[in-house]
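Novice: Right, I'll just put the structure down here and ask away after.
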Amino acid sequence: MNRIILLLMLLYLVSCNTTKKQDEVLYKAGFKTIHAVDKSRIYKPNTDTTDYLHYRPLDIDVWYPATASTTDQAFLFRNILGLFDQRANYYTASTAGNGLSQQVAQLFCTGFKCADTSTLLNYRTSSFKDAAVVESKFPLMIYLTAYNGMSYENFSLFETLAQKGFVVVSISSIGRFPGDMTMKKEDLMEQVNDAVVTLNVLKPETNIDFTKIGIVGYSWGGLAGAVAASKIPNVACLVSLDGSEFHHYGEAKEEDDDFDKIKNANDFKNMQLAMPYLRLESSPIDSAHKKDAVYNFLEKLSGDKQIFKIDSAQHEDFGCMSLVVRVAGKCKDNNYFNTISKLAVSFLEEHLKNKNTFSQTIAGEINKTISKK
């Protein structure tokens with residue numbers, strides 16, 4: 001009898017260990033771009049169909065679970081940032097983008113006081129271009145970028161999600177021709193409609209479970225993401241990374257007027273969101289500028305809603321660039337982005353993968369790195 005009990009215990013332990021290993025399996029992060037055109041929208045005014053920019057162009061960047069071979073090479077940061085140059089030229093039918101990635105890299109290094117341009121551009125990412133797709137169905141995360149932000153702004157987060165079994169698409173902040181985003185309702189809706197059309201473009205993809213969709217938006221993308229969530233079916237959760245859906249009045253009258261026009265438009269006025277909502281906010285130590293008022297976006301939410309402040313974090317800490325620059329330059333990291341990423345990933349895993357670990361993640365961070373609002 002003792003031998004039988006011992007054998008059963010051994011079998012149980014082996015089973016537990018096997019399960020744990022399976023849970024910890026990480027994929028490679030594949031990366032690809034899908035170029036599409038939305039013929040329902042005119043992009044360049046006063047043109048006909050002979051102009052390649054007549055209809056709305058879409059460059060959809062996708063990170064996905066992959067099995068990279070020994071011959072696959074991970075992108076360098078210069079490869080991802082170089083998309084900025086290429087697309088600036090393409091979307092404006094000019095050479096305006098030439099050298100932009102070099103300038104942006106220099107601004108990052110100067111702004112975060114770490115690394116140098118060459119070191120940063122040669123930083124090796126974990127994105128493998130056109131790596132083999134894992135043949136399975138994965139939840140979809142739709143990400144909307146910050147004001148005039150490009151798809152790469154949070155690629156480190158996308159890599160993590162792809163490694164954990166998500167397909168991620170990033171929607172750049174591109175307004176009406178020649179592409180610059182403004183705070184006008186018309187430009188906001190261009191980014192929103194890009195997200196809606198992207199969903200249709202992705203329909204042939206065999207590795208996406210379209211019944212499980214999450215939306216994440218950073219800064220201006222938080223506002224665009226909220227509107228997109230009201231137009232896309234099967235959205236299971238919404239995450240705002242210091243998003244503009246909570247508009248702060250008093251900083252600029254024109255911006256306040258623009259937000260009021262957005263708020264009073266039918267797309268926003270009639271919006272009611274029932275999915276779980278997570279907002280992660282900055283909490284800078286010094287905040288000299290006082291706001292007149294803040295629009296209460298919570299009135300648009302009927303589902304579970306949670307808001308947490310990331311202690312001492314600045315707005316820019318919600319994108320991965322500060323982390324990437326510091327890692328590339330071997331500078332000390334403030335860990336804000338790691339905390340933000342951990343919370344966002346855990347929330348998405350709970351609502352799209354039924355992992356039920358978000359409360360544990362919060363318990364490990366509350367009153368240490370975050371505070372409930």
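Numbering starts fresh at 1 for the residues of each chain in the structure tokens, the chains themselves are lettered A, B, ... in the order given, and ligands are numbered from 1 as they appear.
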Determine which residues of region 141-282 of chain A DSSP labels as alpha helix (DSSP H) from the backbone of this structure, then write them out as a VMD selection string.
Specialist: chain A and resid 155 to 163 185 to 201 220 to 229 253 to 264 266 to 269
Novice: For Phe84 (chain A), please output as a list of chain:residue names all residues within 8 Å (counting only C-alpha atoms; exclusion window: fewer than 5 positions along the same chain).
Specialist: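 Everything that qualifies: A:Gly97, A:Leu100, A:Ser101, A:Met150.
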Novice: In region 11-200 of chain A, what's strand (DSSP E) per DSSP? Answer as JSON, numbers by chain?
Specialist: {"A": [28, 29, 30, 31, 32, 33, 34, 35, 36, 37, 38, 39, 40, 41, 42, 55, 56, 57, 58, 59, 60, 61, 62, 63, 64, 65, 66, 67, 74, 75, 76, 124, 125, 126, 127, 128, 129, 132, 133, 138, 139, 140, 141, 142, 143, 144, 167, 168, 169, 170, 171]}
Novice: Dump N, CA and C atoms for the selected residues as a short mmCIF file (atom, residue, chain, number, x, y, z; two decimals), in the first residue's frame?
Specialist:
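Contents of part.cif, as written:
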```
data_model
loop_
_atom_site.label_atom_id
_atom_site.label_comp_id
_atom_site.auth_asym_id
_atom_site.auth_seq_id
_atom_site.Cartn_x
_atom_site.Cartn_y
_atom_site.Cartn_z
N LYS A 28 8.52 32.32 -30.12
CA LYS A 28 9.28 33.44 -30.66
C LYS A 28 8.29 34.50 -31.11
N ALA A 29 8.75 35.74 -31.18
CA ALA A 29 7.89 36.82 -31.66
C ALA A 29 8.16 37.06 -33.13
N GLY A 30 7.24 36.59 -33.99
CA GLY A 30 7.37 36.87 -35.41
C GLY A 30 6.88 38.28 -35.72
N PHE A 31 7.36 38.83 -36.82
CA PHE A 31 6.94 40.18 -37.22
C PHE A 31 6.74 40.21 -38.73
N LYS A 32 5.63 40.84 -39.15
CA LYS A 32 5.40 41.04 -40.58
C LYS A 32 4.55 42.29 -40.77
N THR A 33 4.55 42.78 -41.99
CA THR A 33 3.73 43.94 -42.35
C THR A 33 2.78 43.53 -43.47
N ILE A 34 1.52 43.90 -43.31
CA ILE A 34 0.52 43.70 -44.36
C ILE A 34 0.18 45.07 -44.93
N HIS A 35 0.40 45.24 -46.22
CA HIS A 35 0.03 46.51 -46.86
C HIS A 35 -1.34 46.35 -47.50
N ALA A 36 -2.23 47.28 -47.18
CA ALA A 36 -3.59 47.22 -47.71
C ALA A 36 -4.04 48.61 -48.11
N VAL A 37 -5.18 48.66 -48.81
CA VAL A 37 -5.78 49.93 -49.22
C VAL A 37 -7.26 49.88 -48.89
N ASP A 38 -7.76 50.93 -48.27
CA ASP A 38 -9.19 51.03 -47.97
C ASP A 38 -9.86 51.89 -49.03
N LYS A 39 -10.57 51.24 -49.95
CA LYS A 39 -11.20 51.94 -51.06
C LYS A 39 -12.50 52.64 -50.67
N SER A 40 -12.89 52.55 -49.41
CA SER A 40 -14.08 53.28 -48.97
C SER A 40 -13.73 54.70 -48.53
N ARG A 41 -12.42 55.02 -48.46
CA ARG A 41 -12.00 56.36 -48.02
C ARG A 41 -11.00 56.96 -49.00
N ILE A 42 -11.19 58.22 -49.31
CA ILE A 42 -10.22 58.96 -50.12
C ILE A 42 -9.15 59.51 -49.19
N TYR A 55 -6.72 56.37 -52.62
CA TYR A 55 -7.43 55.68 -51.55
C TYR A 55 -6.55 55.61 -50.29
N ARG A 56 -7.20 55.40 -49.18
CA ARG A 56 -6.51 55.37 -47.87
C ARG A 56 -5.56 54.17 -47.79
N PRO A 57 -4.23 54.42 -47.66
CA PRO A 57 -3.28 53.31 -47.52
C PRO A 57 -3.20 52.84 -46.07
N LEU A 58 -2.93 51.57 -45.89
CA LEU A 58 -2.78 51.00 -44.54
C LEU A 58 -1.54 50.11 -44.50
N ASP A 59 -0.66 50.38 -43.56
CA ASP A 59 0.46 49.48 -43.28
C ASP A 59 0.22 48.88 -41.91
N ILE A 60 -0.13 47.61 -41.90
CA ILE A 60 -0.53 46.94 -40.67
C ILE A 60 0.63 46.08 -40.18
N ASP A 61 1.20 46.47 -39.04
CA ASP A 61 2.32 45.73 -38.46
C ASP A 61 1.80 44.71 -37.47
N VAL A 62 2.28 43.47 -37.64
CA VAL A 62 1.75 42.35 -36.87
C VAL A 62 2.89 41.63 -36.15
N TRP A 63 2.74 41.45 -34.85
CA TRP A 63 3.62 40.57 -34.07
C TRP A 63 2.81 39.33 -33.72
N TYR A 64 3.39 38.15 -33.83
CA TYR A 64 2.61 36.91 -33.69
C TYR A 64 3.49 35.77 -33.14
N PRO A 65 2.86 34.76 -32.53
CA PRO A 65 3.63 33.60 -32.05
C PRO A 65 4.25 32.87 -33.23
N ALA A 66 5.56 32.62 -33.14
CA ALA A 66 6.29 32.04 -34.27
C ALA A 66 7.28 30.99 -33.79
N THR A 67 7.75 30.20 -34.74
CA THR A 67 8.84 29.26 -34.49
C THR A 67 9.99 29.67 -35.39
N ALA A 74 16.93 38.19 -35.87
CA ALA A 74 16.11 39.18 -35.16
C ALA A 74 16.39 40.57 -35.74
N PHE A 75 15.33 41.35 -35.84
CA PHE A 75 15.46 42.73 -36.29
C PHE A 75 16.39 43.51 -35.38
N LEU A 76 17.17 44.40 -35.97
CA LEU A 76 17.83 45.44 -35.19
C LEU A 76 16.84 46.59 -35.03
N ARG A 124 19.62 44.84 -30.69
CA ARG A 124 18.94 43.68 -31.26
C ARG A 124 17.62 43.44 -30.54
N THR A 125 16.53 43.49 -31.29
CA THR A 125 15.21 43.26 -30.73
C THR A 125 14.94 41.75 -30.65
N SER A 126 13.74 41.40 -30.21
CA SER A 126 13.32 39.99 -30.19
C SER A 126 12.25 39.72 -31.25
N SER A 127 12.19 40.59 -32.27
CA SER A 127 11.23 40.43 -33.37
C SER A 127 11.91 39.76 -34.55
N PHE A 128 11.34 38.62 -35.00
CA PHE A 128 11.91 37.87 -36.11
C PHE A 128 11.04 38.08 -37.35
N LYS A 129 11.60 38.75 -38.36
CA LYS A 129 10.82 39.11 -39.55
C LYS A 129 10.39 37.87 -40.33
N ALA A 132 8.18 31.67 -39.19
CA ALA A 132 7.09 30.72 -39.43
C ALA A 132 6.00 30.86 -38.37
N VAL A 133 4.76 30.94 -38.83
CA VAL A 133 3.60 31.09 -37.94
C VAL A 133 3.34 29.78 -37.19
N PHE A 138 -4.95 32.13 -31.74
CA PHE A 138 -4.52 32.96 -30.63
C PHE A 138 -5.42 34.19 -30.52
N PRO A 139 -5.59 34.71 -29.28
CA PRO A 139 -6.35 35.96 -29.11
C PRO A 139 -5.67 37.11 -29.85
N LEU A 140 -6.45 38.10 -30.21
CA LEU A 140 -5.95 39.26 -30.95
C LEU A 140 -5.94 40.48 -30.03
N MET A 141 -4.81 41.18 -30.02
CA MET A 141 -4.72 42.45 -29.30
C MET A 141 -4.50 43.56 -30.32
N ILE A 142 -5.41 44.53 -30.33
CA ILE A 142 -5.31 45.68 -31.23
C ILE A 142 -4.78 46.86 -30.43
N TYR A 143 -3.68 47.43 -30.89
CA TYR A 143 -3.01 48.53 -30.17
C TYR A 143 -3.12 49.80 -30.99
N LEU A 144 -3.54 50.90 -30.35
CA LEU A 144 -3.59 52.20 -31.01
C LEU A 144 -2.56 53.12 -30.40
N VAL A 167 -1.67 37.41 -30.89
CA VAL A 167 -1.37 38.12 -32.13
C VAL A 167 -1.63 39.60 -31.85
N VAL A 168 -0.66 40.44 -32.19
CA VAL A 168 -0.75 41.88 -31.89
C VAL A 168 -0.69 42.65 -33.20
N VAL A 169 -1.63 43.57 -33.39
CA VAL A 169 -1.55 44.50 -34.52
C VAL A 169 -1.48 45.92 -33.95
N SER A 170 -0.60 46.73 -34.52
CA SER A 170 -0.40 48.09 -34.03
C SER A 170 -0.88 49.07 -35.08
N ILE A 171 -1.80 49.98 -34.67
CA ILE A 171 -2.40 50.95 -35.57
C ILE A 171 -1.74 52.31 -35.35
#
```
Novice: If we count only C-alpha atoms and set the cut-off at 10 Å, which residues sit around Glu245 (chain A), ignoring sequence neighbours fewer than 2 positions away in its own chain? Please answer as a PyMOL selection string.
Specialist: chain A and resi 217+219-227+240+242-243+247-248+259+263+294-298
Novice: Suppose you want the space between CA of Phe318 (chain A) and CA of Arg279 (chain A); what is it in Å?
Specialist: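 Between CA of Phe318 (chain A) and CA of Arg279 (chain A) the gap is 11.5 Å.
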Novice: Go through A:Ser172, A:Thr145, A:Thr160, A:Asn334 one by one, measure the shortest atom-to-atom distance of each to Asp317 (chain A) using only C-alpha atoms, and give the residue with the smallest value.
Specialist: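 Nearest candidate to Asp317 (chain A) out of A:Ser172, A:Thr145, A:Thr160, A:Asn334: A:Asn334.
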Novice: One number please: CA of Val216 (chain A) to CA of Glu190 (chain A), in Å, one decimal.
Specialist: 17.1 Å
